[in-house]
$ cat start.cif   # mmCIF, C-alpha atoms
data_model
loop_
_atom_site.label_atom_id
_atom_site.label_comp_id
_atom_site.auth_asym_id
_atom_site.auth_seq_id
_atom_site.Cartn_x
_atom_site.Cartn_y
_atom_site.Cartn_z
CA MET G 1 15.78 14.48 10.61
CA SER G 2 15.29 17.96 9.23
CA THR G 3 12.56 20.01 7.68
CA ARG G 4 12.38 21.93 4.47
CA MET G 5 9.93 24.14 2.65
CA ILE G 6 8.40 22.68 -0.51
CA ALA G 7 5.62 24.43 -2.43
CA GLY G 8 4.92 26.72 0.52
CA LYS G 9 4.65 23.93 3.05
CA THR G 10 7.15 22.87 5.70
CA VAL G 11 7.67 19.11 5.63
CA GLN G 12 9.98 16.60 7.31
CA VAL G 13 12.69 15.08 5.16
CA ASN G 14 15.57 12.67 5.77
CA GLU G 15 19.20 13.25 4.87
CA GLU G 16 18.63 11.98 1.32
CA GLY G 17 15.76 14.35 0.71
CA PHE G 18 12.95 11.80 0.97
CA MET G 19 9.87 12.96 2.84
CA THR G 20 9.35 10.99 6.02
CA ASN G 21 5.67 11.67 6.64
CA PRO G 22 3.50 10.72 3.66
CA ALA G 23 0.59 12.58 5.23
CA GLU G 24 2.36 15.89 4.64
CA TRP G 25 2.48 15.26 0.89
CA THR G 26 0.38 17.30 -1.54
CA LYS G 27 0.10 17.35 -5.30
CA GLU G 28 1.84 20.72 -5.35
CA ILE G 29 4.76 19.19 -3.47
CA ALA G 30 4.90 16.38 -6.03
CA GLU G 31 5.11 18.89 -8.87
CA GLU G 32 7.89 20.74 -7.12
CA LEU G 33 9.86 17.56 -6.35
CA ALA G 34 9.38 16.37 -9.92
CA LYS G 35 11.00 19.56 -11.18
CA GLU G 36 13.96 18.91 -8.88
CA GLU G 37 14.21 15.46 -10.47
CA GLY G 38 14.22 16.97 -13.94
CA ILE G 39 10.58 16.29 -14.82
CA ASP G 40 9.06 19.62 -15.78
CA CYS G 41 5.50 18.56 -16.20
CA LEU G 42 3.65 15.67 -14.58
CA THR G 43 1.30 14.07 -17.11
CA ASP G 44 -1.65 11.75 -16.45
CA ALA G 45 0.70 8.81 -16.95
CA HIS G 46 3.02 10.16 -14.25
CA TRP G 47 0.09 10.63 -11.89
CA LYS G 48 -1.09 7.09 -12.50
CA VAL G 49 2.27 5.83 -11.24
CA ILE G 50 2.40 8.28 -8.32
CA GLU G 51 -1.13 7.54 -7.17
CA PHE G 52 -0.59 3.80 -7.45
CA SER G 53 2.59 4.12 -5.38
CA ARG G 54 0.84 6.07 -2.67
CA GLU G 55 -2.02 3.56 -2.52
CA SER G 56 0.47 0.70 -2.39
CA ALA G 57 2.43 2.37 0.41
CA LYS G 58 -0.77 2.96 2.35
CA ASP G 59 -1.35 -0.79 2.44
CA SER G 60 2.21 -2.02 2.85
CA GLY G 61 3.81 0.87 4.70
CA LYS G 62 6.64 1.13 2.18
CA ALA G 63 7.28 2.48 -1.29
CA PRO G 64 6.62 -0.09 -4.03
CA THR G 65 9.46 -1.63 -6.02
CA LEU G 66 9.60 -1.04 -9.77
CA ARG G 67 8.15 -4.44 -10.49
CA THR G 68 5.29 -3.85 -8.07
CA ILE G 69 4.55 -0.70 -10.05
CA THR G 70 4.76 -2.30 -13.49
CA THR G 71 2.61 -5.27 -12.52
CA GLY G 72 0.17 -3.28 -10.38
CA ALA G 73 -0.28 0.07 -12.11
CA GLY G 74 -0.51 -1.28 -15.65
CA VAL G 75 2.55 0.64 -16.81
CA SER G 76 5.19 -1.19 -18.85
CA THR G 77 8.83 -1.21 -17.83
CA LYS G 78 9.70 0.79 -20.94
CA GLU G 79 7.07 3.40 -20.15
CA LEU G 80 8.13 3.65 -16.51
CA PHE G 81 11.75 4.30 -17.48
CA MET G 82 10.59 6.84 -20.05
CA LEU G 83 8.34 8.71 -17.60
CA PHE G 84 10.97 8.81 -14.86
CA PRO G 85 14.27 8.60 -16.72
CA LYS G 86 17.60 7.89 -15.02
CA GLY G 87 16.55 6.04 -11.93
CA PRO G 88 12.79 5.58 -11.59
CA ALA G 89 13.09 3.61 -8.32
CA LYS G 90 14.20 6.59 -6.27
CA LYS G 91 12.46 9.23 -8.38
CA VAL G 92 8.98 7.79 -8.10
CA ALA G 93 9.33 7.26 -4.35
CA ARG G 94 10.70 10.74 -3.77
CA ILE G 95 8.05 12.50 -5.86
CA ALA G 96 5.29 10.44 -4.22
CA GLY G 97 6.48 11.57 -0.78
CA LEU G 98 7.52 8.07 0.27
CA GLY G 99 10.77 6.58 1.55
CA LYS G 100 13.20 4.67 -0.65
CA PRO G 101 11.67 1.43 -1.89
CA GLU G 102 12.60 -1.66 0.11
CA GLY G 103 13.07 -4.82 -1.91
CA CYS G 104 15.25 -5.75 -4.85
CA VAL G 105 12.88 -6.42 -7.69
CA MET A 1 29.52 20.27 -18.24
CA ALA A 2 27.25 17.49 -17.04
CA GLU A 3 28.76 14.98 -14.69
CA GLU A 4 29.33 11.62 -16.38
CA ASN A 5 26.84 8.94 -15.42
CA ARG A 6 27.96 6.04 -13.23
CA LYS A 7 28.41 2.82 -15.24
CA ILE A 8 28.37 -0.82 -14.20
CA ALA A 9 29.23 -3.83 -16.36
CA PHE A 10 28.60 -7.46 -15.55
CA ILE A 11 30.32 -10.46 -17.09
CA CYS A 12 28.06 -13.50 -16.76
CA SER A 13 30.05 -16.69 -17.22
CA LYS A 14 27.86 -19.23 -15.42
CA GLY A 15 24.77 -21.09 -16.57
CA ASN A 16 23.67 -22.52 -13.24
CA LEU A 17 20.32 -21.23 -12.04
CA ASP A 18 21.74 -19.79 -8.82
CA MET A 19 24.53 -17.99 -10.69
CA ALA A 20 22.13 -16.48 -13.20
CA TYR A 21 20.37 -14.27 -10.71
CA PRO A 22 23.08 -12.03 -9.18
CA ALA A 23 23.71 -9.96 -12.30
CA LEU A 24 20.01 -9.79 -13.12
CA ILE A 25 19.07 -8.53 -9.68
CA MET A 26 21.98 -6.10 -9.35
CA GLY A 27 21.60 -4.90 -12.92
CA TRP A 28 17.93 -4.18 -12.35
CA ALA A 29 18.73 -2.33 -9.11
CA ALA A 30 21.39 -0.31 -10.93
CA LEU A 31 18.99 0.71 -13.70
CA GLY A 32 16.40 1.67 -11.07
CA ASN A 33 18.99 3.98 -9.56
CA GLY A 34 19.89 5.60 -12.86
CA ILE A 35 23.17 3.75 -13.46
CA ASP A 36 24.14 2.63 -17.00
CA VAL A 37 24.27 -1.16 -17.28
CA THR A 38 26.15 -3.37 -19.74
CA ILE A 39 26.08 -7.17 -19.54
CA PHE A 40 28.45 -9.49 -21.41
CA PHE A 41 27.41 -13.14 -21.55
CA THR A 42 30.26 -15.59 -22.03
CA PHE A 43 30.81 -19.34 -21.74
CA TRP A 44 27.99 -21.01 -19.81
CA GLY A 45 26.49 -17.60 -19.17
CA LEU A 46 25.22 -17.76 -22.76
CA ASP A 47 22.57 -20.17 -21.47
CA MET A 48 20.92 -17.19 -19.80
CA ILE A 49 20.17 -15.60 -23.17
CA THR A 50 19.79 -18.65 -25.41
CA LYS A 51 16.13 -19.22 -26.31
CA SER A 52 16.32 -22.99 -26.06
CA ARG A 53 18.21 -22.99 -22.75
CA VAL A 54 16.94 -20.06 -20.69
CA ASP A 55 13.89 -21.86 -19.30
CA HIS A 56 15.90 -24.93 -18.38
CA LEU A 57 18.63 -23.58 -16.10
CA GLU A 58 19.29 -25.89 -13.18
CA ILE A 59 21.01 -26.12 -9.83
CA ALA A 60 22.70 -29.40 -8.84
CA PRO A 61 22.92 -30.51 -5.21
CA VAL A 62 26.15 -32.42 -5.87
CA ALA A 63 29.22 -30.68 -4.44
CA ASN A 64 27.07 -27.74 -3.38
CA THR A 65 28.09 -27.47 0.25
CA SER A 66 25.77 -24.56 0.99
CA MET A 67 22.62 -26.33 -0.05
CA LYS A 68 21.23 -27.76 3.17
CA MET A 69 18.09 -29.66 4.01
CA SER A 70 17.04 -26.60 6.02
CA MET A 71 15.85 -25.18 2.68
CA MET A 72 13.24 -27.92 2.77
CA GLY A 73 12.28 -27.25 6.36
CA VAL A 74 14.56 -29.85 8.01
CA PRO A 75 16.19 -28.06 10.96
CA GLY A 76 19.93 -27.95 11.53
CA ASN A 77 22.92 -28.17 9.24
CA LEU A 78 22.11 -31.42 7.56
CA GLY A 79 23.45 -31.50 4.02
CA ILE A 80 22.30 -33.43 1.01
CA PRO A 81 24.82 -36.30 0.77
CA ASN A 82 26.68 -36.27 -2.54
CA LEU A 83 25.85 -39.92 -2.90
CA MET A 84 22.15 -39.02 -2.87
CA GLY A 85 22.71 -35.99 -5.04
CA VAL A 86 23.78 -38.17 -7.95
CA LEU A 87 20.46 -40.02 -8.02
CA PRO A 88 18.27 -39.31 -11.04
CA GLY A 89 15.86 -36.51 -10.34
CA MET A 90 17.86 -34.82 -7.59
CA THR A 91 18.96 -31.94 -9.82
CA ALA A 92 15.39 -31.49 -11.00
CA LEU A 93 14.24 -31.50 -7.40
CA SER A 94 16.66 -28.85 -6.20
CA THR A 95 15.91 -26.78 -9.30
CA LYS A 96 12.21 -26.93 -8.59
CA LEU A 97 12.87 -26.02 -4.98
CA MET A 98 14.82 -22.93 -5.94
CA ASN A 99 12.35 -21.87 -8.63
CA ASP A 100 9.48 -22.20 -6.17
CA LYS A 101 11.31 -20.16 -3.54
CA MET A 102 12.07 -17.40 -6.05
CA LYS A 103 8.50 -17.39 -7.29
CA ALA A 104 7.19 -17.08 -3.74
CA LEU A 105 9.32 -13.94 -3.34
CA GLY A 106 7.86 -12.49 -6.54
CA VAL A 107 11.18 -12.79 -8.39
CA PRO A 108 10.65 -13.14 -12.15
CA CYS A 109 12.16 -16.00 -14.15
CA VAL A 110 15.40 -15.43 -16.08
CA ARG A 111 13.65 -14.98 -19.44
CA GLU A 112 11.41 -12.27 -18.02
CA TYR A 113 14.33 -10.60 -16.26
CA ILE A 114 16.25 -10.30 -19.53
CA GLU A 115 13.19 -8.68 -21.09
CA MET A 116 12.83 -6.27 -18.15
CA LEU A 117 16.50 -5.32 -18.31
CA ASN A 118 16.23 -4.69 -22.03
CA ASP A 119 13.11 -2.55 -21.59
CA ALA A 120 14.89 -0.61 -18.86
CA GLY A 121 17.79 0.16 -21.18
CA ALA A 122 20.51 -2.37 -20.35
CA ASN A 123 23.02 -3.12 -23.11
CA MET A 124 23.41 -6.87 -23.42
CA TYR A 125 25.87 -8.74 -25.62
CA ALA A 126 26.96 -12.30 -26.36
CA CYS A 127 30.66 -13.20 -26.40
CA LYS A 128 31.88 -13.88 -29.94
CA MET A 129 34.44 -16.51 -29.06
CA THR A 130 32.01 -18.64 -27.06
CA VAL A 131 29.25 -18.17 -29.61
CA ASP A 132 31.62 -19.55 -32.27
CA MET A 133 32.76 -22.35 -30.00
CA MET A 134 29.20 -23.48 -29.29
CA GLY A 135 28.06 -23.03 -32.86
CA LEU A 136 25.33 -20.54 -31.97
CA LYS A 137 23.98 -17.71 -34.14
CA ASP A 138 22.11 -14.40 -33.75
CA ASP A 139 18.75 -16.15 -34.01
CA ASP A 140 19.44 -18.37 -31.04
CA PHE A 141 19.37 -15.47 -28.61
CA LEU A 142 16.49 -13.75 -26.86
CA PRO A 143 15.28 -10.46 -28.24
CA GLY A 144 17.04 -7.71 -26.35
CA ILE A 145 20.52 -9.03 -27.01
CA LYS A 146 22.12 -6.24 -28.99
CA GLY A 147 24.74 -8.32 -30.73
CA ILE A 148 27.70 -10.65 -30.68
CA VAL A 149 30.88 -8.82 -29.73
CA THR A 150 34.52 -9.60 -29.01
CA ALA A 151 36.24 -9.20 -25.67
CA GLY A 152 37.99 -6.14 -27.11
CA ASP A 153 34.66 -4.57 -28.08
CA PHE A 154 33.44 -5.16 -24.55
CA MET A 155 36.50 -3.39 -23.16
CA ASP A 156 35.84 -0.41 -25.44
CA MET A 157 32.19 -0.25 -24.40
CA THR A 158 32.93 -0.33 -20.70
CA ASP A 159 35.48 2.44 -20.48
CA GLY A 160 35.16 3.92 -17.00
CA ALA A 161 32.67 1.29 -15.80
CA GLN A 162 32.84 -0.78 -12.65
CA ILE A 163 33.13 -4.37 -13.82
CA ILE A 164 31.69 -7.30 -11.93
CA PHE A 165 32.60 -10.87 -12.97
CA ILE A 166 30.15 -13.59 -12.11
#
$ encode --input "start.cif" --output "structure tokens"
Amino acid sequence: MSTRMIAGKTVQVNEEGFMTNPAEWTKEIAEELAKEEGIDCLTDAHWKVIEFSRESAKDSGKAPTLRTITTGAGVSTKELFMLFPKGPAKKVARIAGLGKPEGCV
Amino acid sequence: MAEENRKIAFICSKGNLDMAYPALIMGWAALGNGIDVTIFFTFWGLDMITKSRVDHLEIAPVANTSMKMSMMGVPGNLGIPNLMGVLPGMTALSTKLMNDKMKALGVPCVREYIEMLNDAGANMYACKMTVDMMGLKDDDFLPGIKGIVTAGDFMDMTDGAQIIFI
């Protein structure tokens, strides 16, 4: 376990760069992490997905799978892959300050 | 220069319900992780993308040594005797059992999976030789199937990909 500075805040991260304490997450951190993932600007649609994921993790204790997001957040598969291109499963979880999603669907 | 993206290709050659899922699940996981996915449906695997067949995939208990009564809550290693497996309705029963188990886990049906994979950017093709052999045509396939291609075309498309045969 190590720490790193994101958006002026020191947070705990694991070896893959996922934050390990969701409580340390802020919107500024999300914007910074999004940039690292190649998403320059988080739109309302992005936030809808991020906020849903954080809510879902609050209840279940783990990052939602893609299908949980598409069925729960009212975002289509196409849209989700457009918003977070090249690997939305990890990208959404990382930007939302959650661990890697557990589950296959 | 940008690093080339990882690529995975699946060859689906089986039409049994249990053999339909591996490529769908792994393909979906690959797309979620940003890996390019190509799927080639050949022989009985065409059932997975044929409109009239996709909702009727089955699993037969006959000669399936891994299918035990424990799936139905009977403890131990008790199998389903082949002699019983041949009775009318046994294939329907085991199919229902598997579909119910998948549903309980929140796993979508094959038709929906193909749609999800297409929406997520998978490239899916039907095998020309088998399509000709079975007398199928473009119209018979689910939307999302990009075309009917030869084995050679598939080889061209999957240059540098990791190929998984199912």
$ residues_around --input "start.cif" --residues "Lys137 of chain A" --least-positions-apart "4" --cutoff "12 Å" --atoms "all atoms listed in the file" --output "JSON, numbers by chain"
{"A": [46, 49, 50, 51, 126, 127, 128, 129, 130, 131, 132, 133, 141, 142, 145, 147, 148]}
$ atom_distance --input "start.cif" --atom1 "atom CA of Leu97 of chain A" --atom2 "atom CA of Ile11 of chain A"
26.3 Å
$ closest_residue --input "start.cif" --among "G:Ala89, G:Ile95, G:Leu83, G:Ile69" --to "Lys27 of chain G" --atoms "all atoms listed in the file"
G:Ile95
$ closest_residue --input "start.cif" --among "G:Met19, G:Val49, G:Ile6, G:Val11" --to "Phe84 of chain G" --atoms "all atoms listed in the file"
G:Val49
$ resolve_selection --input "start.cif" --expression "the PyMOL selection byres ((chain G and resi 1) around 8)" --output "PyMOL selection string"
chain G and resi 2-3+12-15
$ interface_residues --input "start.cif" --of "chain G" --to "chain A" --cutoff "10 Å" --atoms "only C-alpha atoms" --output "CSV table (one decimal) with C-alpha atoms, in the frame of the given file"
chain,number,residue,atom,x,y,z
G,65,THR,CA,9.5,-1.6,-6.0
G,66,LEU,CA,9.6,-1.0,-9.8
G,67,ARG,CA,8.2,-4.4,-10.5
G,68,THR,CA,5.3,-3.8,-8.1
G,76,SER,CA,5.2,-1.2,-18.8
G,77,THR,CA,8.8,-1.2,-17.8
G,78,LYS,CA,9.7,0.8,-20.9
G,79,GLU,CA,7.1,3.4,-20.2
G,80,LEU,CA,8.1,3.6,-16.5
G,81,PHE,CA,11.8,4.3,-17.5
G,82,MET,CA,10.6,6.8,-20.0
G,84,PHE,CA,11.0,8.8,-14.9
G,85,PRO,CA,14.3,8.6,-16.7
G,86,LYS,CA,17.6,7.9,-15.0
G,87,GLY,CA,16.6,6.0,-11.9
G,88,PRO,CA,12.8,5.6,-11.6
G,89,ALA,CA,13.1,3.6,-8.3
G,90,LYS,CA,14.2,6.6,-6.3
G,91,LYS,CA,12.5,9.2,-8.4
G,103,GLY,CA,13.1,-4.8,-1.9
G,104,CYS,CA,15.2,-5.8,-4.8
G,105,VAL,CA,12.9,-6.4,-7.7
$ resolve_selection --input "start.cif" --expression "the PyMOL selection byres ((chain A and resi 64-69) around 12)" --output "short mmCIF file (atom, residue, chain, number, x, y, z; two decimals) with C-alpha atoms, in the coordinates of the input"
data_model
loop_
_atom_site.label_atom_id
_atom_site.label_comp_id
_atom_site.auth_asym_id
_atom_site.auth_seq_id
_atom_site.Cartn_x
_atom_site.Cartn_y
_atom_site.Cartn_z
CA ASN A 16 23.67 -22.52 -13.24
CA ASP A 18 21.74 -19.79 -8.82
CA ILE A 59 21.01 -26.12 -9.83
CA ALA A 60 22.70 -29.40 -8.84
CA PRO A 61 22.92 -30.51 -5.21
CA VAL A 62 26.15 -32.42 -5.87
CA ALA A 63 29.22 -30.68 -4.44
CA SER A 70 17.04 -26.60 6.02
CA MET A 71 15.85 -25.18 2.68
CA MET A 72 13.24 -27.92 2.77
CA GLY A 73 12.28 -27.25 6.36
CA VAL A 74 14.56 -29.85 8.01
CA PRO A 75 16.19 -28.06 10.96
CA GLY A 76 19.93 -27.95 11.53
CA ASN A 77 22.92 -28.17 9.24
CA LEU A 78 22.11 -31.42 7.56
CA GLY A 79 23.45 -31.50 4.02
CA ILE A 80 22.30 -33.43 1.01
CA PRO A 81 24.82 -36.30 0.77
CA ASN A 82 26.68 -36.27 -2.54
CA GLY A 85 22.71 -35.99 -5.04
CA VAL A 86 23.78 -38.17 -7.95
CA THR A 91 18.96 -31.94 -9.82
CA SER A 94 16.66 -28.85 -6.20
CA THR A 95 15.91 -26.78 -9.30
CA LEU A 97 12.87 -26.02 -4.98
CA MET A 98 14.82 -22.93 -5.94
#
$ closest_residue --input "start.cif" --among "A:Thr42, A:Val37, A:Asp55, A:Tyr21" --to "Met134 of chain A" --atoms "only C-alpha atoms"
A:Thr42
$ residues_around --input "start.cif" --residues "Glu55 of chain G" --least-positions-apart "3" --cutoff "12 Å" --atoms "all atoms listed in the file" --output "ChimeraX atom specification"
/G:22,47-52,58-64,68-69,72-73,96-98
$ closest_residue --input "start.cif" --among "G:Val92, G:Leu42, G:Ile29, G:Val75" --to "Gly8 of chain G" --atoms "only C-alpha atoms"
G:Ile29
$ atom_distance --input "start.cif" --atom1 "atom CA of Gly27 of chain A" --atom2 "atom CA of Val149 of chain A"
19.6 Å
$ atom_distance --input "start.cif" --atom1 "atom CA of Asn21 of chain G" --atom2 "atom CA of Glu102 of chain G"
16.4 Å
$ residues_around --input "start.cif" --residues "Glu28 of chain G" --least-positions-apart "4" --cutoff "10 Å" --atoms "only C-alpha atoms" --output "list in words"
Ile6, Ala7, Gly8, Lys9, Glu32, Leu33 and Ala34 of chain G
$ write_last_selection --input "start.cif" --atoms "C-alpha atoms" --output "PDB file, in the frame of the given file"
ATOM      1  CA  ILE G   6       8.400  22.680  -0.510  1.00  0.00           C
ATOM      2  CA  ALA G   7       5.620  24.430  -2.430  1.00  0.00           C
ATOM      3  CA  GLY G   8       4.920  26.720   0.520  1.00  0.00           C
ATOM      4  CA  LYS G   9       4.650  23.930   3.050  1.00  0.00           C
ATOM      5  CA  GLU G  32       7.890  20.740  -7.120  1.00  0.00           C
ATOM      6  CA  LEU G  33       9.860  17.560  -6.350  1.00  0.00           C
ATOM      7  CA  ALA G  34       9.380  16.370  -9.920  1.00  0.00           C
TER       8      ALA G  34
END
$ build_atoms --input "start.cif" --residues "segment 60-72 of chain G" --atoms "N, CA and C atoms" --output "short mmCIF file (atom, residue, chain, number, x, y, z; two decimals), in the coordinates of the input"
data_model
loop_
_atom_site.label_atom_id
_atom_site.label_comp_id
_atom_site.auth_asym_id
_atom_site.auth_seq_id
_atom_site.Cartn_x
_atom_site.Cartn_y
_atom_site.Cartn_z
N SER G 60 1.04 -1.25 2.43
CA SER G 60 2.21 -2.02 2.85
C SER G 60 3.13 -1.24 3.79
N GLY G 61 2.96 0.06 3.84
CA GLY G 61 3.81 0.87 4.70
C GLY G 61 5.15 1.21 4.07
N LYS G 62 5.38 0.76 2.83
CA LYS G 62 6.64 1.13 2.18
C LYS G 62 6.44 1.41 0.69
N ALA G 63 7.38 2.13 0.13
CA ALA G 63 7.28 2.48 -1.29
C ALA G 63 7.39 1.22 -2.14
N PRO G 64 6.60 1.12 -3.20
CA PRO G 64 6.62 -0.09 -4.03
C PRO G 64 7.91 -0.19 -4.84
N THR G 65 8.32 -1.42 -5.13
CA THR G 65 9.46 -1.63 -6.02
C THR G 65 9.00 -1.40 -7.46
N LEU G 66 9.95 -1.29 -8.37
CA LEU G 66 9.60 -1.04 -9.77
C LEU G 66 8.67 -2.11 -10.32
N ARG G 67 8.96 -3.36 -9.95
CA ARG G 67 8.15 -4.44 -10.49
C ARG G 67 6.74 -4.43 -9.91
N THR G 68 6.63 -4.01 -8.65
CA THR G 68 5.29 -3.85 -8.07
C THR G 68 4.52 -2.81 -8.87
N ILE G 69 5.21 -1.76 -9.27
CA ILE G 69 4.55 -0.70 -10.05
C ILE G 69 4.15 -1.21 -11.44
N THR G 70 5.09 -1.88 -12.12
CA THR G 70 4.76 -2.30 -13.49
C THR G 70 3.65 -3.35 -13.50
N THR G 71 3.65 -4.25 -12.51
CA THR G 71 2.61 -5.27 -12.52
C THR G 71 1.29 -4.73 -11.95
N GLY G 72 1.39 -3.76 -11.04
CA GLY G 72 0.17 -3.28 -10.38
C GLY G 72 -0.49 -2.08 -11.04
#
